[in-house]
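Trainee: Pasting a structure below so you can have a look.
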Amino acid sequence: MPSPAVSRMLLAGAILCVPLAESSFAGDARHAAQSLDALERFLADGTPDGLSHAEDLAGNLDADLDGLEAATRDPLLKRLHIDRKKIAAGRFAHEKAIYVSRVGSLMDAVRNIVAPGQENVRVGFASTREDLERVEKELAGPDAATFLDPPTREKFSDELTALRAKVAEKFLKENIEYVQSRVESAEGGLPEFLEKAKQAETNKAPEQLDSPARSMQVSINDAAGRLTAMPPNNPAVKKLIARVNAARDTFETAVVRVQGADAFNHLTEDWATLARQTEGWESEPASLTLAAFTGPAGAQAAALGAPKTVDLVRVSNSWLKKNFGAAYGEPGSRNEDNYRVFLRDPKTRALVEEVIKDRDAAEIRLIKTVTGLLDEADKPGLPPEARERFATLNDRTLPESLRDSPAFRPVVARLKALAGG
């Protein structure tokens, strides 16, 4: 295959065969024949550069042949027509080769990862998944239909399916090996942790267990978190889950035994401080008329005539999320792991259940009040200022945690519709 420099020399030689004063040779049969000869030499070259030069010459020949007599022109046109088909076929073959090479390179990258003898090459990198996705996209795209016949496409697709299975198998194996090392690390740290728990209990100093408990929790959570992304029915995964659960049970039992009373006292005092501002919420009205709600602005009307009930929902959800987040479907704060474990303590669980019971009762009361207002307002002619009050209610007055409550979502939808007019 000639180099680009050689191709340029060929083009220069071909052009030299054509008289330079082209305008004076318009319609000249010899000039057209020489151009066709040059075109066919570039076609025989078979390189991408040769094809490009042939295309350029073919484009110029249309004008050269235009002025010739039919007897001279027609044989040359026939040659040009055949040459154009060869140019198209050559261009197609070149583009097909590029496409097949591109798909093959992507598949080679994945083949190499899962090839025998590559046990130390990890597949858990984003690049491996990206290569698989690129191949899949290529085989589903228009180029596949253009350049691959159905049997070849099916062959590529079958191999892609097999490669996906091998990658998944190796990825699972690598993850099992890694998680097993994390489980072993957690189990290995338990004896030392239990000894420190015993010392803290003997010293009657539960705070001495704070730092060891945090480290142990991180180790257990790391292993448990990775297991959630793995197939739970896999026998090896099942064993690891059982081991992590056993380690967690041993760890949490020790933490609750040493720190349970201290944690309960802290949570009780913390909740009592928050709940003080909501005292008397049970005595607040459970309904509000539209006239009172849309009348002169005031704290009572803005808070549905029940500001303490609104506050109870807000502080309850805030306290639960801060201390026990994941246990209630909320992302917890840094304190979450320090207090969620104490739900194993009957006294702490009873405290939490009492907070939830009052929170739920307050939510039901607020939902009933808002629903009554919406029923009364759901009629033509509602003044703009009333719509504004409903918008304020949804955007600012109601606690965000209440607006996100599944039971309150239908009410939120009605509020938005009414506020939007």
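Ordering of the structure tokens sets the chain letters (A, B, ...), residue numbers begin anew at 1 in every chain, and ligands are numbered from 1 in the order given.
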Could you list, as an MDAnalysis selection string, every residue within 10 Å of A:Arg91, counting only C-alpha atoms and ignoring same-chain residues fewer than 5 positions away?

Mentor: chainID A and resid 46:48 51:52 55 85:86 96:97

Trainee: What's around A:Ala362 at 8 Å? Count only C-alpha atoms, leave out sequence neighbours fewer than 6 positions away in its own chain, and write the answer as a CSV table (one decimal) with C-alpha atoms, in the first residue's frame.

Mentor:
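Generated file (around22.csv):
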```
chain,number,residue,atom,x,y,z
A,309,THR,CA,-49.4,20.4,66.1
A,310,VAL,CA,-47.4,21.6,63.1
A,312,LEU,CA,-44.8,18.4,66.7
A,313,VAL,CA,-44.6,16.8,63.2
```

Trainee: Which residues in stretch 258-305 of chain A does DSSP call alpha helix (DSSP H)? List them as a list in words.

Mentor: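 Filtering stretch 258-305 of chain A to alpha helix (DSSP H) leaves Val258, Gln259, Gly260, Ala261, Asp262, Ala263, Phe264, Asn265, His266, Leu267, Thr268, Glu269, Asp270, Trp271, Ala272, Thr273, Leu274, Ala275, Leu290, Ala291, Ala292, Phe293, Thr294, Ala299, Gln300, Ala301 and Ala302 of chain A.
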
Trainee: Figure out the distance between atom CA of A:Val341 and atom CA of A:Asn221, please, to one decimal in Å.

Mentor: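 Result for atom CA of A:Asn221 versus atom CA of A:Val341: 12.4 Å, one decimal.
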
Trainee: Record the distance separating atom CA of A:Val135 and atom CA of A:Glu177, expressed in Å with one decimal.

Mentor: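 Taking atom CA of A:Val135 and atom CA of A:Glu177, their separation equals 28.5 Å.
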
Trainee: If you count only C-alpha atoms, which residues fall within 12 Å of A:Phe156, apart from same-chain ones fewer than 4 positions away, as a ChimeraX atom specification?

Mentor: /A:100,103-104,106-108,132,135-136,138-140,144,148-152,160-163

Trainee: How many Å separate atom CA of A:Lys347 from atom CA of A:Phe264?

Mentor: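 Value for the atom CA of A:Lys347-atom CA of A:Phe264 distance: 7.1 Å.
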
Trainee: Identify, on the basis of only C-alpha atoms, every residue whose closest approach to A:Asn394 does not exceed 7 Å; exclude the query and any residue fewer than 4 positions from it along the same chain; express the result as a ChimeraX atom specification.

Mentor: /A:390,398,415

Trainee: Can you write out the residues you just picked, keeping C-alpha atoms, as a tab-separated table (two decimals), in the first residue's frame?

Mentor:
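Everything below was put into out12.tsv:
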```
chain	number	residue	atom	x	y	z
A	390	PHE	CA	-52.82	27.95	50.08
A	398	LEU	CA	-46.26	22.58	56.45
A	415	LEU	CA	-52.82	22.15	47.20
```
